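This is data33.txt. It holds compact mmCIF, C-alpha atoms and all ligand atoms.
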```txt
# COMPACT_ATOMS: atom_id res chain seq x y z
CA MET H 1 -18.33 -15.53 -3.07
CA ASN H 2 -20.66 -17.47 -5.35
CA LYS H 3 -19.39 -20.85 -6.45
CA GLU H 4 -19.93 -20.50 -10.15
CA ILE H 5 -18.35 -17.10 -10.68
CA ASP H 6 -18.33 -16.15 -14.31
CA ILE H 7 -14.80 -14.84 -14.61
CA GLU H 8 -15.34 -13.23 -17.99
CA THR H 9 -18.43 -11.33 -16.83
CA LEU H 10 -16.71 -10.24 -13.64
CA ALA H 11 -13.65 -9.04 -15.53
CA ALA H 12 -15.84 -7.17 -18.02
CA GLY H 13 -17.68 -5.52 -15.13
CA VAL H 14 -14.38 -4.41 -13.62
CA ARG H 15 -13.19 -3.03 -16.94
CA ASN H 16 -16.45 -1.10 -17.27
CA GLY H 17 -15.74 0.55 -13.94
CA ASP H 18 -18.69 -1.13 -12.20
CA ARG H 19 -17.96 -0.64 -8.51
CA ARG H 20 -19.92 -3.69 -7.39
CA ALA H 21 -17.99 -5.89 -9.81
CA LEU H 22 -14.77 -4.32 -8.54
CA ALA H 23 -15.73 -5.06 -4.94
CA ARG H 24 -16.52 -8.69 -5.81
CA ALA H 25 -13.29 -9.01 -7.76
CA ILE H 26 -11.28 -7.76 -4.79
CA THR H 27 -13.09 -10.22 -2.51
CA LEU H 28 -12.05 -12.95 -4.92
CA VAL H 29 -8.35 -11.99 -4.90
CA GLU H 30 -8.44 -11.77 -1.10
CA SER H 31 -9.81 -15.28 -0.73
CA ALA H 32 -7.38 -17.83 0.67
CA ARG H 33 -9.10 -20.77 -1.04
CA ALA H 34 -7.03 -22.55 -3.65
CA ASP H 35 -9.84 -22.71 -6.25
CA HIS H 36 -10.50 -19.00 -5.74
CA ARG H 37 -6.81 -18.29 -6.31
CA THR H 38 -6.98 -19.99 -9.71
CA GLN H 39 -10.07 -17.97 -10.61
CA ALA H 40 -8.49 -14.78 -9.28
CA LEU H 41 -5.44 -15.21 -11.47
CA ALA H 42 -7.62 -15.87 -14.52
CA MET H 43 -9.65 -12.79 -13.73
CA LEU H 44 -6.60 -10.56 -13.22
CA ASP H 45 -5.38 -11.79 -16.57
CA ALA H 46 -8.72 -11.02 -18.22
CA VAL H 47 -8.79 -7.52 -16.71
CA GLY H 48 -5.34 -6.90 -18.16
CA SER H 49 -2.70 -4.41 -17.13
CA GLU H 50 -2.57 -1.79 -19.86
CA ARG H 51 -4.36 0.87 -17.84
CA GLN H 52 -2.27 2.71 -15.29
CA ALA H 53 -3.35 4.84 -12.37
CA LEU H 54 -1.21 7.07 -10.24
CA ARG H 55 -0.56 5.00 -7.14
CA ILE H 56 0.00 7.10 -4.05
CA GLY H 57 1.16 5.49 -0.82
CA LEU H 58 0.00 7.45 2.23
CA SER H 59 1.28 6.88 5.71
CA GLY H 60 0.77 8.49 9.08
CA THR H 61 0.27 7.51 12.69
CA PRO H 62 -3.30 7.32 14.03
CA GLY H 63 -4.69 10.76 14.69
CA VAL H 64 -2.58 12.79 12.24
CA GLY H 65 -5.63 13.15 10.01
CA LYS H 66 -5.35 10.47 7.34
CA SER H 67 -9.10 9.92 7.01
CA THR H 68 -9.76 13.65 6.96
CA PHE H 69 -7.01 14.17 4.41
CA ILE H 70 -8.15 11.32 2.16
CA GLU H 71 -11.70 12.64 2.25
CA SER H 72 -10.71 16.24 1.37
CA PHE H 73 -8.03 15.29 -1.11
CA GLY H 74 -10.19 12.62 -2.72
CA LEU H 75 -13.13 15.00 -3.10
CA MET H 76 -10.83 17.61 -4.61
CA LEU H 77 -9.68 15.10 -7.23
CA THR H 78 -13.16 13.80 -8.04
CA GLY H 79 -14.21 17.44 -8.27
CA GLN H 80 -11.63 17.77 -11.03
CA GLY H 81 -13.21 14.86 -12.89
CA MET H 82 -10.88 12.13 -11.68
CA LYS H 83 -11.82 8.71 -10.36
CA VAL H 84 -10.26 7.90 -7.00
CA ALA H 85 -9.86 4.55 -5.23
CA VAL H 86 -8.78 4.17 -1.60
CA LEU H 87 -7.28 0.92 -0.30
CA ALA H 88 -5.55 0.08 2.95
CA VAL H 89 -2.68 -2.07 4.07
CA ASP H 90 -3.39 -2.48 7.73
CA PRO H 91 -2.14 -5.62 9.44
CA SER H 92 -3.25 -4.26 12.82
CA SER H 93 -6.91 -4.19 11.84
CA ALA H 94 -7.45 -7.87 12.49
CA ARG H 95 -6.35 -7.39 16.07
CA SER H 96 -8.41 -4.30 16.76
CA GLY H 97 -11.42 -6.16 15.42
CA GLY H 98 -12.26 -3.80 12.62
CA SER H 99 -10.46 -2.13 9.81
CA ILE H 100 -9.37 1.47 9.83
CA LEU H 101 -11.19 2.11 6.60
CA GLY H 102 -14.06 -0.20 7.43
CA ASP H 103 -15.46 2.69 9.35
CA LYS H 104 -16.71 4.44 6.29
CA THR H 105 -18.39 7.18 8.27
CA ARG H 106 -14.95 8.70 8.66
CA MET H 107 -14.99 9.39 4.93
CA ASP H 108 -18.68 9.45 4.33
CA HIS H 109 -18.71 12.17 1.69
CA LEU H 110 -16.09 10.46 -0.39
CA ALA H 111 -17.75 7.07 0.12
CA ARG H 112 -20.95 8.46 -1.40
CA ASP H 113 -19.16 10.02 -4.38
CA PRO H 114 -19.90 7.94 -7.52
CA ASN H 115 -16.36 8.59 -8.73
CA ALA H 116 -14.77 7.20 -5.62
CA PHE H 117 -14.26 3.66 -4.38
CA ILE H 118 -13.29 2.92 -0.79
CA ARG H 119 -12.24 -0.54 0.22
CA PRO H 120 -11.77 -1.60 3.83
CA SER H 121 -8.57 -3.43 4.54
CA PRO H 122 -8.57 -7.21 4.30
CA SER H 123 -8.93 -9.06 7.57
CA GLN H 124 -5.77 -11.12 7.48
CA THR H 125 -3.09 -10.93 10.10
CA GLU H 126 0.04 -11.60 8.11
CA LEU H 127 1.47 -8.44 6.59
CA GLY H 128 2.97 -10.25 3.61
CA GLY H 129 -0.35 -11.88 2.76
CA VAL H 130 -2.33 -8.65 3.08
CA ALA H 131 0.16 -6.75 1.00
CA ARG H 132 0.20 -9.25 -1.84
CA ARG H 133 -3.57 -9.11 -2.13
CA THR H 134 -3.67 -5.33 -1.75
CA ARG H 135 -1.27 -5.10 -4.67
CA GLU H 136 -3.73 -7.13 -6.75
CA ALA H 137 -6.57 -4.90 -5.58
CA VAL H 138 -4.54 -1.93 -6.83
CA ALA H 139 -4.19 -3.63 -10.21
CA LEU H 140 -7.96 -4.21 -10.33
CA CYS H 141 -8.62 -0.53 -9.57
CA GLU H 142 -6.30 0.39 -12.43
CA GLY H 143 -8.14 -2.02 -14.71
CA ALA H 144 -11.42 -0.40 -13.64
CA GLY H 145 -10.14 2.92 -14.95
CA PHE H 146 -9.37 4.75 -11.73
CA ASP H 147 -7.01 7.68 -12.20
CA VAL H 148 -5.62 7.75 -8.68
CA VAL H 149 -5.27 4.88 -6.21
CA LEU H 150 -4.49 5.92 -2.63
CA ILE H 151 -2.96 3.15 -0.54
CA GLU H 152 -3.21 3.98 3.13
CA THR H 153 -1.03 2.54 5.84
CA VAL H 154 -0.72 3.28 9.53
CA GLY H 155 2.76 4.55 10.20
CA VAL H 156 3.96 1.82 12.46
CA GLY H 157 6.93 0.04 10.96
CA GLN H 158 7.17 -2.51 8.20
CA SER H 159 4.01 -1.72 6.30
CA GLU H 160 5.44 1.50 4.81
CA THR H 161 8.18 -0.35 3.02
CA VAL H 162 5.69 -2.82 1.65
CA VAL H 163 3.42 -0.02 0.42
CA ALA H 164 6.38 1.77 -1.14
CA HIS H 165 6.88 -1.38 -3.25
CA MET H 166 3.45 -0.87 -4.80
CA SER H 167 3.33 2.93 -5.06
CA ASP H 168 4.54 5.44 -7.62
CA LEU H 169 5.01 8.03 -4.94
CA PHE H 170 4.92 8.03 -1.19
CA VAL H 171 3.39 10.69 1.04
CA LEU H 172 4.02 10.93 4.76
CA LEU H 173 1.41 12.78 6.78
CA LEU H 174 2.58 14.36 10.04
CA ALA H 175 1.05 16.48 12.76
CA PRO H 176 2.58 19.68 14.16
CA ALA H 177 5.10 18.78 16.84
CA GLY H 178 7.84 20.16 19.03
CA GLY H 179 11.36 20.07 17.56
CA ASP H 180 12.47 17.25 19.83
CA GLU H 181 9.84 14.97 18.34
CA LEU H 182 11.57 15.06 14.98
CA GLN H 183 13.63 12.01 16.00
CA GLY H 184 10.39 10.08 16.45
CA VAL H 185 9.96 9.56 12.73
CA LYS H 186 11.96 6.58 11.65
CA ARG H 187 14.76 7.34 9.29
CA GLY H 188 13.56 4.56 6.99
CA ILE H 189 10.23 6.29 6.49
CA MET H 190 11.96 9.62 5.85
CA GLU H 191 14.00 7.89 3.19
CA ILE H 192 11.04 6.58 1.24
CA ALA H 193 8.89 9.72 1.56
CA ASP H 194 8.63 11.82 -1.60
CA LEU H 195 6.47 14.38 0.09
CA ILE H 196 6.01 15.18 3.76
CA LEU H 197 2.75 16.94 4.52
CA VAL H 198 2.44 18.57 7.92
CA ASN H 199 -1.30 18.53 8.51
CA LYS H 200 -3.44 20.66 10.84
CA ALA H 201 -1.79 23.90 9.70
CA ASP H 202 -4.79 25.90 10.82
CA GLY H 203 -5.95 27.97 13.81
CA ASP H 204 -3.75 27.74 16.88
CA LEU H 205 -1.66 24.98 15.36
CA LYS H 206 -0.66 26.89 12.24
CA ALA H 207 2.56 28.47 13.55
CA GLN H 208 3.68 25.20 15.07
CA ALA H 209 2.90 23.37 11.83
CA MET H 210 5.08 25.80 9.90
CA ARG H 211 7.96 25.32 12.32
CA THR H 212 7.59 21.53 12.10
CA CYS H 213 7.54 21.78 8.34
CA ALA H 214 10.75 23.84 8.32
CA ASP H 215 12.39 21.28 10.62
CA TYR H 216 11.50 18.44 8.30
CA ALA H 217 12.52 20.37 5.21
CA GLY H 218 15.91 20.78 6.87
CA ALA H 219 16.11 17.11 7.78
CA LEU H 220 15.19 16.10 4.21
CA ARG H 221 18.00 18.23 2.80
CA LEU H 222 20.46 16.29 4.95
CA LEU H 223 19.36 12.96 3.54
CA ARG H 224 21.31 11.77 0.56
CA LYS H 225 19.81 12.75 -2.75
CA ARG H 226 18.31 9.87 -4.69
CA PRO H 227 18.58 9.43 -8.45
CA GLN H 228 14.80 9.11 -8.73
CA ASP H 229 14.35 12.69 -7.48
CA PRO H 230 14.24 15.93 -9.46
CA PRO H 231 15.80 19.03 -7.85
CA GLY H 232 13.94 20.14 -4.73
CA PHE H 233 12.54 16.70 -3.85
CA PRO H 234 11.71 15.23 -1.40
CA LYS H 235 9.72 18.22 -0.13
CA ALA H 236 7.87 19.21 3.02
CA LEU H 237 4.67 21.28 2.86
CA THR H 238 1.96 22.34 5.29
CA VAL H 239 -1.69 21.46 4.68
CA SER H 240 -4.98 21.62 6.51
CA ALA H 241 -7.17 18.69 5.59
CA LEU H 242 -9.93 20.13 7.74
CA GLU H 243 -9.95 23.53 6.05
CA ASN H 244 -8.91 22.35 2.60
CA GLU H 245 -5.74 24.41 2.65
CA GLY H 246 -2.67 23.50 0.65
CA LEU H 247 -4.20 20.42 -0.94
CA GLN H 248 -4.08 21.89 -4.42
CA ALA H 249 -0.42 22.81 -3.89
CA ALA H 250 0.33 19.30 -2.63
CA TRP H 251 -1.33 17.82 -5.71
CA ALA H 252 0.67 20.14 -7.97
CA GLU H 253 3.90 18.90 -6.34
CA MET H 254 2.84 15.29 -6.82
CA ARG H 255 2.10 15.99 -10.49
CA ALA H 256 5.42 17.74 -10.98
CA LEU H 257 7.29 14.82 -9.44
CA VAL H 258 5.39 12.23 -11.45
CA ASP H 259 5.81 14.11 -14.74
CA TRP H 260 9.53 14.39 -14.12
CA ARG H 261 9.80 10.68 -13.32
CA ARG H 262 7.87 9.74 -16.44
CA ASP H 263 10.11 11.89 -18.63
CA ALA H 264 13.27 10.60 -16.97
CA GLY H 265 12.17 6.97 -17.42
CA VAL H 266 12.15 6.50 -13.65
CA TRP H 267 8.44 5.64 -13.59
CA ASP H 268 8.80 2.65 -15.93
CA GLN H 269 12.00 1.55 -14.30
CA THR H 270 10.39 1.61 -10.86
CA ARG H 271 7.32 -0.28 -12.02
CA ARG H 272 9.51 -2.96 -13.61
CA ALA H 273 11.60 -3.27 -10.46
CA GLN H 274 8.39 -3.54 -8.42
CA ALA H 275 7.03 -6.27 -10.71
CA SER H 276 10.23 -8.21 -10.20
CA TYR H 277 10.06 -7.68 -6.44
CA TRP H 278 6.51 -9.04 -6.28
CA PHE H 279 7.38 -11.99 -8.49
CA THR H 280 10.14 -12.98 -6.06
CA GLU H 281 7.82 -12.37 -3.13
CA GLU H 282 5.07 -14.57 -4.64
CA VAL H 283 7.55 -17.37 -5.28
CA ARG H 284 8.96 -17.07 -1.76
CA GLN H 285 5.56 -17.12 -0.10
CA GLY H 286 4.35 -19.87 -2.42
CA MET H 287 7.35 -22.06 -1.61
CA LEU H 288 6.79 -21.62 2.11
CA GLN H 289 3.17 -22.59 1.63
CA LEU H 290 4.20 -25.68 -0.35
CA LEU H 291 6.45 -26.71 2.51
CA ARG H 292 3.79 -26.09 5.13
CA ASP H 293 1.32 -28.13 3.06
CA ASP H 294 3.69 -31.10 2.81
CA PRO H 295 3.06 -33.24 5.94
CA ASP H 296 6.56 -34.78 6.06
CA THR H 297 8.31 -31.46 5.71
CA ALA H 298 5.95 -29.79 8.17
CA ALA H 299 6.64 -32.52 10.74
CA ARG H 300 10.39 -32.24 10.17
CA MET H 301 10.21 -28.48 10.60
CA ARG H 302 8.27 -28.82 13.84
CA ARG H 303 10.78 -31.29 15.26
CA ALA H 304 13.78 -29.23 14.27
CA GLU H 305 12.16 -26.06 15.60
CA ALA H 306 11.50 -27.71 18.97
CA GLU H 307 15.16 -28.68 19.23
CA VAL H 308 16.28 -25.21 18.20
CA ARG H 309 13.98 -23.73 20.83
CA ALA H 310 15.36 -26.11 23.46
CA GLY H 311 18.85 -25.01 22.58
CA THR H 312 20.00 -28.47 21.54
CA LEU H 313 20.25 -27.63 17.85
CA ALA H 314 21.75 -24.57 16.16
CA PRO H 315 19.29 -22.64 13.95
CA ALA H 316 21.33 -23.11 10.78
CA ALA H 317 21.91 -26.81 11.49
CA GLY H 318 18.18 -27.27 12.05
CA ALA H 319 17.39 -25.58 8.75
CA GLU H 320 20.00 -27.68 6.98
CA ARG H 321 18.38 -30.86 8.30
CA VAL H 322 15.04 -29.81 6.78
CA LEU H 323 16.64 -28.69 3.52
CA ALA H 324 18.74 -31.85 3.16
CA ALA H 325 15.60 -33.95 3.42
CA LEU H 326 13.97 -31.75 0.77
CA ARG H 327 16.91 -32.19 -1.57
CA ASP H 328 16.61 -35.98 -1.20
CA ALA H 329 12.82 -36.06 -1.56
CA PRO H 330 11.21 -32.84 -2.78
CA PRO H 331 7.51 -32.47 -1.88
P1 LIG H 401 -6.42 9.37 11.26
O1 LIG H 401 -6.47 8.54 12.50
O2 LIG H 401 -5.02 9.58 10.81
O3 LIG H 401 -7.30 8.82 10.16
O4 LIG H 401 -6.96 10.82 11.67
P2 LIG H 401 -8.41 11.48 11.48
O5 LIG H 401 -8.62 11.90 10.08
O6 LIG H 401 -9.43 10.58 12.09
O7 LIG H 401 -8.25 12.80 12.37
C1 LIG H 401 -7.92 12.76 13.74
C2 LIG H 401 -8.37 14.05 14.40
O8 LIG H 401 -7.64 15.15 13.86
C3 LIG H 401 -9.85 14.35 14.15
O9 LIG H 401 -10.38 14.92 15.33
C4 LIG H 401 -9.81 15.37 13.04
O10 LIG H 401 -10.93 16.24 13.06
C5 LIG H 401 -8.54 16.12 13.32
N1 LIG H 401 -7.97 16.71 12.10
C6 LIG H 401 -7.74 16.08 10.93
N2 LIG H 401 -7.26 16.93 10.02
C7 LIG H 401 -7.17 18.15 10.63
C8 LIG H 401 -6.73 19.45 10.20
O11 LIG H 401 -6.33 19.69 9.07
N3 LIG H 401 -6.77 20.43 11.15
C9 LIG H 401 -7.20 20.22 12.42
N4 LIG H 401 -7.20 21.26 13.26
N5 LIG H 401 -7.62 19.02 12.85
C10 LIG H 401 -7.62 17.99 11.96
```

Now that the file is in, can you turn its structure into structure tokens?
Ligand code: GDP
Amino acid sequence: MNKEIDIETLAAGVRNGDRRALARAITLVESARADHRTQALAMLDAVGSERQALRIGLSGTPGVGKSTFIESFGLMLTGQGMKVAVLAVDPSSARSGGSILGDKTRMDHLARDPNAFIRPSPSQTELGGVARRTREAVALCEGAGFDVVLIETVGVGQSETVVAHMSDLFVLLLAPAGGDELQGVKRGIMEIADLILVNKADGDLKAQAMRTCADYAGALRLLRKRPQDPPGFPKALTVSALENEGLQAAWAEMRALVDWRRDAGVWDQTRRAQASYWFTEEVRQGMLQLLRDDPDTAARMRRAEAEVRAGTLAPAAGAERVLAALRDAPP
């Protein structure tokens, strides 16, 4: 990133929907440098937050067809005149040496669509850090006038919950499976899913996909109903990303859910709760950073941790020692 970034120009570029400006702006918010952080905050402020996109969280284990789905679904939406951005929360990417979405050839049609923007996931290891910056990237895409922001995550644990905190609705993509595999999906993910899409409902897999879908529909009915759901939701549907089947129906369900939530005030309520969540998260992470940056505190933490590890100090007592010192002499 250039040293003398003109924040106003960059923000104006983002607001004009200039994809290169957007890409640079996201690079700026992803930067770990303290001076970049100051600039990033100024830029986010200049971009503003009055524009809203529909934020869709999308999760699924590798191989279920996320890239194929995003490509087909994204092209369907751009075909209807919408602007679509695709971002990823993918803490595993740093380990595998490349990001899931970095491989743009997997969505090459969408990547070449002037109404689409695809951003590879940031190369940081810490989930919390990645998620905070992805959330800001989402805000930048909204400021750039995108209608839909798809936030992709690989269905392996914590990252779903984090993505749910920055999405308006959450879609879980599954592959056809035998009935006994139903248990494999974590209950937590079932609980945050608004829509389960059983992909690959085509050819030889179609019948199996329909059975899987019926199984999940049954499982969803057993989950407690949530106040943020209209009747009939959460739902399970079959789609074929490869053959473009059921995508229109899936979109119609998403629209119906979102319209209902807007009318019921759930949309605003959720966004406010999310803002509060991220505020707390920023403070929490910022405080930890402050402590790590303070040499005395950092040394005290290292010493206490060594004793805790050795079994000579209880975890809570060790923490209290660090905290007591902080109360006496804050950093
Ligand atoms: P990802 O790892 O979740 O991003 O999955 P991909 O989109 O890379 O797809 C994994 C494999 O499943 C590829 O070989 C795709 O061609 C295939 N696939 C994806 N969607 C469908 C579909 O709707 N039907 C069928 N039959 N195969 C699909």

| task | Give the residue list for ligand LIG 401 (chain H) at 10 Å, counting only C-alpha atoms and all ligand atoms, as a ChimeraX atom specification, sorted by chain and then by residue number. | result | /H:59-72,100-101,106-107,152-155,173-176,198-206,238-246

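Remark: for H:Ala256, the closest of the candidate residues H:Pro330, H:Leu195, H:Glu305, H:Gly286 is H:Leu195 (distances computed over all atoms listed in the file).
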
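Among H:Ala314, H:Ala298, H:Leu247, H:Ala85, the residue with the shortest atom-to-atom distance to H:Leu326, counting only C-alpha atoms, is H:Ala298.
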
Exercise on stretch 257-270 of chain H, axis-aligned box with 6 Å per side, report centre and edge lengths in Å to one decimal, as lines of an AutoDock Vina configuration file:
```
center_x = 9.3
center_y = 8.2
center_z = -14.0
size_x = 19.9
size_y = 25.3
size_z = 21.2
```

| Point-to-point distance in Å for atom CA of H:Ala207 and atom CA of H:Asp229 |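 Distance between the two atoms: 28.8 Å.
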
| query | Of the candidates H:Gln248, H:Leu41, H:Arg132, H:Ala306, which one gets nearest to H:Arg284 if we count all atoms listed in the file? | reply |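 Between H:Gln248, H:Leu41, H:Arg132, H:Ala306, the residue approaching H:Arg284 most closely is H:Arg132.
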